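**Student:** Below is the file protein23.cif, which contains mmCIF, C-alpha atoms.
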```cif
data_final
#
loop_
_atom_site.group_PDB
_atom_site.id
_atom_site.type_symbol
_atom_site.label_atom_id
_atom_site.label_comp_id
_atom_site.auth_asym_id
_atom_site.auth_seq_id
_atom_site.Cartn_x
_atom_site.Cartn_y
_atom_site.Cartn_z
ATOM 1 C CA MET A 1 75.113 52.810 84.670
ATOM 2 C CA LEU A 2 76.471 49.263 85.048
ATOM 3 C CA ARG A 3 79.975 50.400 84.169
ATOM 4 C CA LEU A 4 79.818 53.233 86.706
ATOM 5 C CA PHE A 5 78.624 50.778 89.367
ATOM 6 C CA LEU A 6 81.534 48.457 88.551
ATOM 7 C CA LEU A 7 83.999 51.341 88.725
ATOM 8 C CA TYR A 8 82.804 52.423 92.176
ATOM 9 C CA THR A 9 82.840 48.802 93.333
ATOM 10 C CA ILE A 10 86.433 48.363 92.164
ATOM 11 C CA VAL A 11 87.513 51.569 93.896
ATOM 12 C CA ILE A 12 85.839 50.706 97.204
ATOM 13 C CA LEU A 13 87.030 47.093 97.221
ATOM 14 C CA GLY A 14 90.507 48.206 96.162
ATOM 15 C CA LEU A 15 90.746 50.587 99.107
ATOM 16 C CA LEU A 16 89.341 48.114 101.648
ATOM 17 C CA LEU A 17 91.190 44.979 100.547
ATOM 18 C CA ASN A 18 94.554 46.600 99.925
ATOM 19 C CA GLY A 19 94.288 48.577 103.146
ATOM 20 C CA PHE A 20 93.469 45.456 105.148
ATOM 21 C CA VAL A 21 96.271 43.358 103.640
ATOM 22 C CA PHE A 22 98.804 46.199 103.904
ATOM 23 C CA HIS A 23 97.932 46.618 107.587
ATOM 24 C CA ALA A 24 98.279 42.865 108.130
ATOM 25 C CA TYR A 25 101.752 42.871 106.595
ATOM 26 C CA THR A 26 102.873 45.857 108.687
ATOM 27 C CA ARG A 27 101.873 43.979 111.837
ATOM 28 C CA HIS A 28 103.880 40.912 110.840
ATOM 29 C CA LYS A 29 106.940 40.491 113.057
ATOM 30 C CA LYS A 30 109.107 39.871 109.984
ATOM 31 C CA LYS A 31 107.619 42.525 107.751
ATOM 32 C CA SER A 32 111.053 43.229 106.227
ATOM 33 C CA LEU A 33 110.602 39.935 104.355
ATOM 34 C CA HIS A 34 107.446 41.259 102.671
ATOM 35 C CA VAL A 35 108.604 44.538 101.135
ATOM 36 C CA PHE A 36 107.305 43.618 97.657
ATOM 37 C CA GLU A 37 103.934 42.505 99.001
ATOM 38 C CA MET A 38 103.561 45.701 101.037
ATOM 39 C CA THR A 39 104.579 47.766 98.011
ATOM 40 C CA GLN A 40 102.004 45.971 95.877
ATOM 41 C CA THR A 41 99.170 46.656 98.316
ATOM 42 C CA PHE A 42 100.301 50.259 98.893
ATOM 43 C CA LEU A 43 100.231 50.844 95.130
ATOM 44 C CA GLY A 44 96.710 49.408 95.118
ATOM 45 C CA ILE A 45 95.632 51.890 97.788
ATOM 46 C CA VAL A 46 97.072 54.906 95.946
ATOM 47 C CA PHE A 47 95.704 53.750 92.598
ATOM 48 C CA SER A 48 92.233 53.296 94.105
ATOM 49 C CA VAL A 49 92.369 56.816 95.536
ATOM 50 C CA LEU A 50 93.424 58.147 92.127
ATOM 51 C CA ASN A 51 90.477 56.383 90.494
ATOM 52 C CA VAL A 52 88.073 58.353 92.678
ATOM 53 C CA TYR A 53 88.758 61.275 90.323
ATOM 54 C CA TYR A 54 88.169 58.983 87.343
ATOM 55 C CA CYS A 55 84.809 57.863 88.766
ATOM 56 C CA TYR A 56 83.879 61.501 89.357
ATOM 57 C CA THR A 57 84.517 62.471 85.723
ATOM 58 C CA VAL A 58 82.589 59.448 84.424
ATOM 59 C CA SER A 59 79.598 60.050 86.727
ATOM 60 C CA ARG A 60 79.424 63.723 85.692
ATOM 61 C CA GLY A 61 79.908 62.920 82.026
ATOM 62 C CA ILE A 62 82.831 65.321 81.725
ATOM 63 C CA GLY A 63 86.188 64.603 80.168
ATOM 64 C CA MET A 64 89.484 64.978 81.936
ATOM 65 C CA ARG A 65 91.125 68.278 81.175
ATOM 66 C CA GLY A 66 94.177 70.301 82.044
ATOM 67 C CA LEU A 67 96.282 69.514 85.095
ATOM 68 C CA GLY A 68 93.906 66.823 86.328
ATOM 69 C CA CYS A 69 94.286 64.953 83.049
ATOM 70 C CA THR A 70 98.084 65.143 83.161
ATOM 71 C CA VAL A 71 98.233 64.047 86.798
ATOM 72 C CA TYR A 72 95.921 61.094 86.178
ATOM 73 C CA GLY A 73 97.740 60.027 83.022
ATOM 74 C CA PHE A 74 101.179 60.184 84.634
ATOM 75 C CA PHE A 75 100.409 58.678 88.037
ATOM 76 C CA GLY A 76 97.862 56.211 86.674
ATOM 77 C CA GLY A 77 100.386 54.853 84.192
ATOM 78 C CA THR A 78 103.215 54.787 86.747
ATOM 79 C CA LEU A 79 101.195 52.995 89.444
ATOM 80 C CA SER A 80 99.721 50.520 86.973
ATOM 81 C CA LEU A 81 103.060 49.486 85.509
ATOM 82 C CA MET A 82 104.707 49.331 88.933
ATOM 83 C CA SER A 83 101.965 46.951 90.070
ATOM 84 C CA VAL A 84 102.989 44.707 87.161
ATOM 85 C CA TYR A 85 106.614 44.702 88.342
ATOM 86 C CA GLN A 86 106.028 43.792 92.008
ATOM 87 C CA PRO A 87 104.828 40.193 91.380
ATOM 88 C CA ALA A 88 107.847 39.737 89.101
ATOM 89 C CA LEU A 89 110.149 40.869 91.933
ATOM 90 C CA MET A 90 108.408 38.478 94.343
ATOM 91 C CA ALA A 91 108.900 35.599 91.927
ATOM 92 C CA LEU A 92 112.539 36.522 91.298
ATOM 93 C CA GLU A 93 113.292 36.684 95.031
ATOM 94 C CA TRP A 94 111.761 33.288 95.737
ATOM 95 C CA CYS A 95 113.457 31.776 92.697
ATOM 96 C CA VAL A 96 116.852 32.889 94.017
ATOM 97 C CA ILE A 97 116.057 31.496 97.470
ATOM 98 C CA VAL A 98 114.869 28.171 96.098
ATOM 99 C CA LEU A 99 117.914 27.773 93.846
ATOM 100 C CA GLN A 100 120.359 29.054 96.469
ATOM 101 C CA PRO A 101 118.655 28.466 99.857
ATOM 102 C CA PHE A 102 121.299 30.116 102.033
ATOM 103 C CA MET A 103 120.782 33.376 100.118
ATOM 104 C CA ALA A 104 117.637 33.852 102.209
ATOM 105 C CA LYS A 105 119.724 35.440 104.962
ATOM 106 C CA CYS A 106 121.676 37.553 102.469
ATOM 107 C CA ILE A 107 118.665 39.284 100.913
ATOM 108 C CA THR A 108 118.148 42.208 103.255
ATOM 109 C CA TRP A 109 115.500 44.859 103.668
ATOM 110 C CA SER A 110 117.731 47.385 101.877
ATOM 111 C CA ASN A 111 118.167 44.981 98.928
ATOM 112 C CA ARG A 112 114.404 44.721 98.547
ATOM 113 C CA ILE A 113 113.962 48.487 98.788
ATOM 114 C CA ALA A 114 116.660 48.940 96.125
ATOM 115 C CA ALA A 115 114.766 46.532 93.834
ATOM 116 C CA VAL A 116 111.534 48.508 94.321
ATOM 117 C CA VAL A 117 113.330 51.784 93.590
ATOM 118 C CA GLY A 118 114.927 50.229 90.513
ATOM 119 C CA SER A 119 111.549 49.134 89.202
ATOM 120 C CA ALA A 120 110.158 52.624 89.852
ATOM 121 C CA LEU A 121 113.000 54.250 87.896
ATOM 122 C CA THR A 122 112.414 51.832 85.028
ATOM 123 C CA ILE A 123 108.734 52.770 84.903
ATOM 124 C CA LEU A 124 109.477 56.496 85.146
ATOM 125 C CA ALA A 125 111.654 56.128 82.045
ATOM 126 C CA VAL A 126 108.422 55.158 80.281
ATOM 127 C CA THR A 127 105.883 57.537 81.855
ATOM 128 C CA ILE A 128 107.953 60.752 81.948
ATOM 129 C CA PRO A 129 108.466 61.263 78.149
ATOM 130 C CA PRO A 130 104.756 61.997 77.463
ATOM 131 C CA LEU A 131 104.989 64.870 79.962
ATOM 132 C CA PHE A 132 107.253 66.517 77.383
ATOM 133 C CA GLY A 133 105.142 65.524 74.394
ATOM 134 C CA VAL A 134 107.072 62.374 73.427
ATOM 135 C CA PRO A 135 105.408 60.884 71.449
ATOM 136 C CA ALA A 136 102.343 62.896 72.538
ATOM 137 C CA GLU A 137 101.153 64.654 75.674
ATOM 138 C CA TYR A 138 98.739 63.058 78.120
ATOM 139 C CA ALA A 139 95.235 63.905 76.985
ATOM 140 C CA SER A 140 91.724 62.455 76.741
ATOM 141 C CA PHE A 141 90.541 61.190 73.379
ATOM 142 C CA ASP A 142 87.333 60.031 71.743
ATOM 143 C CA HIS A 143 88.419 56.408 72.097
ATOM 144 C CA ALA A 144 89.027 56.658 75.879
ATOM 145 C CA ASP A 145 87.430 58.525 78.768
ATOM 146 C CA PHE A 146 90.703 58.501 80.722
ATOM 147 C CA CYS A 147 93.959 60.310 80.001
ATOM 148 C CA CYS A 148 96.826 58.649 78.180
ATOM 149 C CA TYR A 149 99.065 59.341 75.222
ATOM 150 C CA ASP A 150 97.447 58.855 71.814
ATOM 151 C CA PHE A 151 98.348 55.267 70.923
ATOM 152 C CA THR A 152 96.088 55.352 67.840
ATOM 153 C CA ALA A 153 98.573 57.393 65.807
ATOM 154 C CA LYS A 154 100.137 55.393 62.984
ATOM 155 C CA ASP A 155 103.423 57.320 62.732
ATOM 156 C CA THR A 156 106.757 55.602 63.338
ATOM 157 C CA LYS A 157 107.533 57.614 66.477
ATOM 158 C CA THR A 158 104.364 56.470 68.233
ATOM 159 C CA ARG A 159 104.875 52.863 67.220
ATOM 160 C CA LEU A 160 108.477 52.839 68.444
ATOM 161 C CA PHE A 161 107.460 54.373 71.757
ATOM 162 C CA PHE A 162 104.714 51.807 72.116
ATOM 163 C CA VAL A 163 107.206 48.965 71.629
ATOM 164 C CA TYR A 164 109.542 50.670 74.117
ATOM 165 C CA LEU A 165 106.729 51.058 76.668
ATOM 166 C CA PHE A 166 105.467 47.510 76.479
ATOM 167 C CA THR A 167 108.954 46.022 76.471
ATOM 168 C CA LEU A 168 109.943 47.756 79.710
ATOM 169 C CA GLY A 169 106.541 47.867 81.358
ATOM 170 C CA PHE A 170 104.947 44.563 80.386
ATOM 171 C CA PHE A 171 107.059 42.018 78.519
ATOM 172 C CA ILE A 172 110.159 42.157 80.751
ATOM 173 C CA PRO A 173 108.316 41.685 84.091
ATOM 174 C CA ILE A 174 106.135 38.937 82.616
ATOM 175 C CA ALA A 175 109.231 37.196 81.247
ATOM 176 C CA ILE A 176 110.955 37.448 84.645
ATOM 177 C CA PHE A 177 107.841 36.076 86.314
ATOM 178 C CA VAL A 178 107.442 33.122 83.954
ATOM 179 C CA LEU A 179 111.154 32.200 83.969
ATOM 180 C CA SER A 180 111.360 32.403 87.770
ATOM 181 C CA LEU A 181 108.252 30.293 88.171
ATOM 182 C CA VAL A 182 109.549 27.619 85.781
ATOM 183 C CA LEU A 183 112.951 27.430 87.487
ATOM 184 C CA MET A 184 111.368 27.362 90.931
ATOM 185 C CA ALA A 185 108.897 24.622 89.993
ATOM 186 C CA ARG A 186 111.657 22.483 88.515
ATOM 187 C CA GLN A 187 113.860 22.889 91.581
ATOM 188 C CA LEU A 188 111.016 22.079 93.959
ATOM 189 C CA ARG A 189 110.172 18.971 91.981
ATOM 190 C CA ASN A 190 113.786 17.785 92.154
ATOM 191 C CA ALA A 191 114.009 18.688 95.836
ATOM 192 C CA GLY A 192 110.913 16.604 96.509
ATOM 193 C CA LYS A 193 112.767 13.552 95.193
ATOM 194 C CA GLU A 194 115.763 14.239 97.439
ATOM 195 C CA VAL A 195 113.813 14.045 100.720
ATOM 196 C CA ARG A 196 112.184 10.687 100.133
ATOM 197 C CA VAL A 197 114.842 9.121 102.386
ATOM 198 C CA PRO A 198 113.349 8.807 105.900
ATOM 199 C CA LEU A 199 114.618 11.522 108.196
ATOM 200 C CA GLY A 200 113.277 10.216 111.461
ATOM 201 C CA LEU A 201 112.339 12.950 113.828
ATOM 202 C CA THR A 202 112.705 15.652 111.170
ATOM 203 C CA LEU A 203 110.065 14.265 108.796
ATOM 204 C CA SER A 204 107.181 16.354 110.130
ATOM 205 C CA ALA A 205 109.214 19.553 109.924
ATOM 206 C CA VAL A 206 110.247 18.692 106.362
ATOM 207 C CA ASN A 207 106.585 18.244 105.449
ATOM 208 C CA ILE A 208 105.828 21.715 106.845
ATOM 209 C CA ALA A 209 108.682 23.207 104.817
ATOM 210 C CA LYS A 210 107.582 21.425 101.628
ATOM 211 C CA GLN A 211 104.009 22.554 102.168
ATOM 212 C CA ARG A 212 105.178 26.141 102.551
ATOM 213 C CA GLU A 213 107.271 25.903 99.384
ATOM 214 C CA ARG A 214 104.332 24.534 97.402
ATOM 215 C CA SER A 215 102.201 27.361 98.738
ATOM 216 C CA ILE A 216 104.718 29.921 97.467
ATOM 217 C CA ALA A 217 104.760 28.300 94.013
ATOM 218 C CA GLN A 218 100.957 28.267 93.954
ATOM 219 C CA LYS A 219 100.850 31.931 94.961
ATOM 220 C CA MET A 220 103.219 32.840 92.131
ATOM 221 C CA PHE A 221 101.203 30.838 89.601
ATOM 222 C CA ILE A 222 97.899 32.380 90.684
ATOM 223 C CA LEU A 223 99.376 35.894 90.657
ATOM 224 C CA ILE A 224 100.715 35.597 87.126
ATOM 225 C CA SER A 225 97.424 34.065 85.956
ATOM 226 C CA VAL A 226 95.461 36.960 87.463
ATOM 227 C CA GLN A 227 97.940 39.445 86.034
ATOM 228 C CA LEU A 228 97.672 38.046 82.515
ATOM 229 C CA ILE A 229 93.878 37.839 82.663
ATOM 230 C CA CYS A 230 93.599 41.455 83.818
ATOM 231 C CA TRP A 231 96.235 43.082 81.601
ATOM 232 C CA SER A 232 96.120 41.022 78.401
ATOM 233 C CA PRO A 233 92.886 42.642 77.092
ATOM 234 C CA PHE A 234 94.421 46.117 77.286
ATOM 235 C CA ALA A 235 97.633 44.901 75.634
ATOM 236 C CA ILE A 236 95.663 43.230 72.843
ATOM 237 C CA VAL A 237 93.523 46.314 72.209
ATOM 238 C CA THR A 238 96.510 48.660 72.013
ATOM 239 C CA PHE A 239 98.494 46.252 69.843
ATOM 240 C CA THR A 240 95.551 45.819 67.485
ATOM 241 C CA THR A 241 95.026 49.555 67.302
ATOM 242 C CA ILE A 242 98.588 50.647 66.658
ATOM 243 C CA PHE A 243 99.622 47.947 64.179
ATOM 244 C CA THR A 244 96.374 47.165 62.345
ATOM 245 C CA GLU A 245 93.322 48.960 61.055
ATOM 246 C CA THR A 246 91.245 50.976 63.491
ATOM 247 C CA ILE A 247 88.634 49.000 65.425
ATOM 248 C CA GLU A 248 85.644 50.153 67.471
ATOM 249 C CA LEU A 249 87.892 51.652 70.105
ATOM 250 C CA LYS A 250 85.649 53.223 72.707
ATOM 251 C CA HIS A 251 83.875 50.021 73.770
ATOM 252 C CA HIS A 252 87.023 47.895 73.633
ATOM 253 C CA THR A 253 89.205 50.433 75.444
ATOM 254 C CA GLU A 254 86.732 50.966 78.253
ATOM 255 C CA SER A 255 86.275 47.219 78.767
ATOM 256 C CA ALA A 256 90.023 46.553 78.649
ATOM 257 C CA GLY A 257 90.685 49.389 81.092
ATOM 258 C CA LEU A 258 88.082 47.946 83.457
ATOM 259 C CA PHE A 259 89.800 44.544 83.339
ATOM 260 C CA ALA A 260 93.152 46.149 84.165
ATOM 261 C CA LYS A 261 91.671 47.929 87.181
ATOM 262 C CA VAL A 262 90.282 44.646 88.534
ATOM 263 C CA PHE A 263 93.887 43.554 89.206
ATOM 264 C CA VAL A 264 93.944 46.047 92.095
ATOM 265 C CA VAL A 265 91.121 44.057 93.726
ATOM 266 C CA LEU A 266 92.299 40.524 92.952
ATOM 267 C CA SER A 267 95.992 40.847 93.883
ATOM 268 C CA PRO A 268 95.429 41.524 97.639
ATOM 269 C CA ILE A 269 92.987 38.597 97.758
ATOM 270 C CA VAL A 270 95.663 36.275 96.347
ATOM 271 C CA LEU A 271 98.319 37.631 98.716
ATOM 272 C CA TYR A 272 96.101 37.167 101.757
ATOM 273 C CA TRP A 273 94.717 33.764 100.834
ATOM 274 C CA LYS A 274 98.020 32.200 99.780
ATOM 275 C CA ASP A 275 100.411 34.035 102.129
ATOM 276 C CA LEU A 276 99.043 35.665 105.269
ATOM 277 C CA ARG A 277 96.426 32.995 105.871
ATOM 278 C CA ARG A 278 99.015 30.236 105.474
ATOM 279 C CA LEU A 279 101.466 32.038 107.774
ATOM 280 C CA ARG A 280 98.824 32.196 110.486
ATOM 281 C CA THR A 281 98.170 28.462 110.116
ATOM 282 C CA LEU A 282 101.897 27.758 110.177
ATOM 283 C CA ARG A 283 102.378 29.634 113.444
ATOM 284 C CA VAL A 284 99.651 27.512 115.062
ATOM 285 C CA VAL A 285 101.327 24.300 113.863
ATOM 286 C CA VAL A 286 104.732 25.436 115.117
ATOM 287 C CA LYS A 287 103.379 26.265 118.573
ATOM 288 C CA ARG A 288 101.751 22.853 118.851
ATOM 289 C CA ARG A 289 105.034 21.134 118.018
ATOM 290 C CA GLN A 290 107.375 23.143 120.227
ATOM 291 C CA ALA A 291 106.920 21.004 123.358
ATOM 292 C CA ALA A 292 107.804 17.766 121.561
ATOM 293 C CA VAL A 293 110.643 19.444 119.681
ATOM 294 C CA VAL A 294 112.343 20.806 122.789
ATOM 295 C CA SER A 295 112.308 17.391 124.480
ATOM 296 C CA SER A 296 114.355 15.916 121.628
ATOM 297 C CA SER A 297 116.513 18.944 120.842
ATOM 298 C CA VAL A 298 119.841 17.145 121.337
ATOM 299 C CA ALA A 299 119.042 14.432 118.790
ATOM 300 C CA LEU A 300 117.557 16.936 116.357
ATOM 301 C CA LYS A 301 120.585 19.182 116.585
ATOM 302 C CA ARG A 302 122.794 16.329 115.378
ATOM 303 C CA ILE A 303 120.423 15.618 112.503
ATOM 304 C CA PHE A 304 120.230 19.304 111.500
ATOM 305 C CA VAL A 305 123.987 19.741 111.463
ATOM 306 C CA ASN A 306 124.606 16.615 109.378
ATOM 307 C CA ASN A 307 121.686 16.904 106.976
ATOM 308 C CA ASP A 308 122.193 19.574 104.351
ATOM 309 C CA THR A 309 119.071 18.530 102.439
ATOM 310 C CA PHE A 310 116.836 19.225 105.401
ATOM 311 C CA LEU A 311 118.521 22.573 106.078
ATOM 312 C CA ARG A 312 117.941 23.597 102.485
ATOM 313 C CA HIS A 313 114.258 22.774 102.737
ATOM 314 C CA CYS A 314 113.814 24.726 105.957
ATOM 315 C CA ILE A 315 115.794 27.803 104.999
ATOM 316 C CA VAL A 316 114.143 28.050 101.584
ATOM 317 C CA SER A 317 111.188 29.622 103.410
ATOM 318 C CA PRO A 318 112.322 32.538 105.637
ATOM 319 C CA GLU A 319 109.311 32.204 107.938
ATOM 320 C CA LEU A 320 110.427 28.641 108.696
ATOM 321 C CA CYS A 321 113.860 29.793 109.887
ATOM 322 C CA ALA A 322 112.236 30.277 113.282
ATOM 323 C CA ILE A 323 111.747 26.505 113.450
ATOM 324 C CA ALA A 324 115.441 25.869 112.832
ATOM 325 C CA ASP A 325 116.416 28.534 115.349
ATOM 326 C CA VAL A 326 114.265 26.938 118.051
ATOM 327 C CA LEU A 327 115.566 23.447 117.359
ATOM 328 C CA LEU A 328 119.224 24.499 117.346
ATOM 329 C CA GLU A 329 119.076 26.322 120.667
#
```
Could the structure of this file be written out as structure tokens, please?

**Tutor:**
Amino acid sequence: MLRLFLLYTIVILGLLLNGFVFHAYTRHKKKSLHVFEMTQTFLGIVFSVLNVYYCYTVSRGIGMRGLGCTVYGFFGGTLSLMSVYQPALMALEWCVIVLQPFMAKCITWSNRIAAVVGSALTILAVTIPPLFGVPAEYASFDHADFCCYDFTAKDTKTRLFFVYLFTLGFFIPIAIFVLSLVLMARQLRNAGKEVRVPLGLTLSAVNIAKQRERSIAQKMFILISVQLICWSPFAIVTFTTIFTETIELKHHTESAGLFAKVFVVLSPIVLYWKDLRRLRTLRVVVKRRQAAVVSSSVALKRIFVNNDTFLRHCIVSPELCAIADVLLE
């Protein structure tokens, strides 16, 4: 009963939170900058809808069968693994911008869409083979009340496919995420040392830019922490099962699957708290400073043109480009 209550709670919160955050991003005037975030929340919405069928089968005490089982296994696996890739793409994008600030204007909406499509094709290369029985068809088993391929088999084919699946669907995006976060943190730390020289009238704007950059790094760190907490139990259970002796699978698999589903609820909370909320605060600060900025626009224009360090710190955050545009008018 408790597990069923938790499942329904996750589904309802997943629909509400992801729907709210997705709507907030679509209303943002620069929504083309948030393609990965919108994709992440959209995946959360679809995955929550798909889990309505899962909750139905659990509440009725019936196993998934036939077409419903295949559909859930295929789409559930595809959406889950794609939701692992989106934070990695966010981190990679911001790492490129931090390392090469003027690339912010070069990364277009079509580039971001191409990255999302590329991640989808990568995941489909993992989730399509079981449709043709490689290494096994999607089905429900005694060790799981949801559909997946049988990862308990000890044959070489299943083990090789498991390594292939987790390399493409888990290890690569996590590695991209961690490497991007490390490079970004190191660059931001070095950049912080570069702006210790007084910049006169530009100091307050630099502080806003640095605050925004720190917020992005914090968002990336929190996202990867949440991702690891939610997905590591399932990875550990499957690894233990396929490469060691059989354990008490049903309890462990159900608990690990529940942890993985919680990511759908936590990820929109992180995106809203560390991104949308901060953007709203930033807009208020910018509006309060516009009157004073315009009165000294001639002096600031000279400082902007001659100060590459300050430009790098402003352009590193695309939302802050509006500040530079106003000051250079």

**Student:** Find the residues near A:Pro173: any atom within 12 Å, counting all atoms listed in the file, skip ones fewer than 4 places away on the same chain, and give them as JSON, numbers by chain.

**Tutor:** {"A": [81, 82, 83, 84, 85, 86, 87, 88, 89, 90, 91, 92, 119, 122, 123, 166, 167, 168, 169, 177, 178, 179, 180, 224, 227, 228]}

**Student:** For a test of reading the model, state the distance in Å between atom CA of A:Leu67 and atom CA of A:Leu160, rounded to one decimal.

**Tutor:** 26.5 Å

**Student:** Any chance you could resolve the PyMOL selection byres ((chain A and resi 271) around 10) against this file and give the residues as a PyMOL selection string?

**Tutor:** chain A and resi 18+21+37-38+40-41+219-220+222-223+266-270+272-277

**Student:** Which polymer residues have any atom within 6 Å of an atom of A:Cys147, counting only C-alpha atoms, with same-chain residues fewer than 4 positions away left out, as a VMD selection string?

**Tutor:** chain A and resid 69 73 138 to 140

**Student:** Do you know which residues are at most 9 Å from A:Val265 counting only C-alpha atoms, after dropping those on the same chain fewer than 4 positions away, and could you put them as a ChimeraX atom specification?

**Tutor:** /A:10-11,13-15,17-18,44,261,269
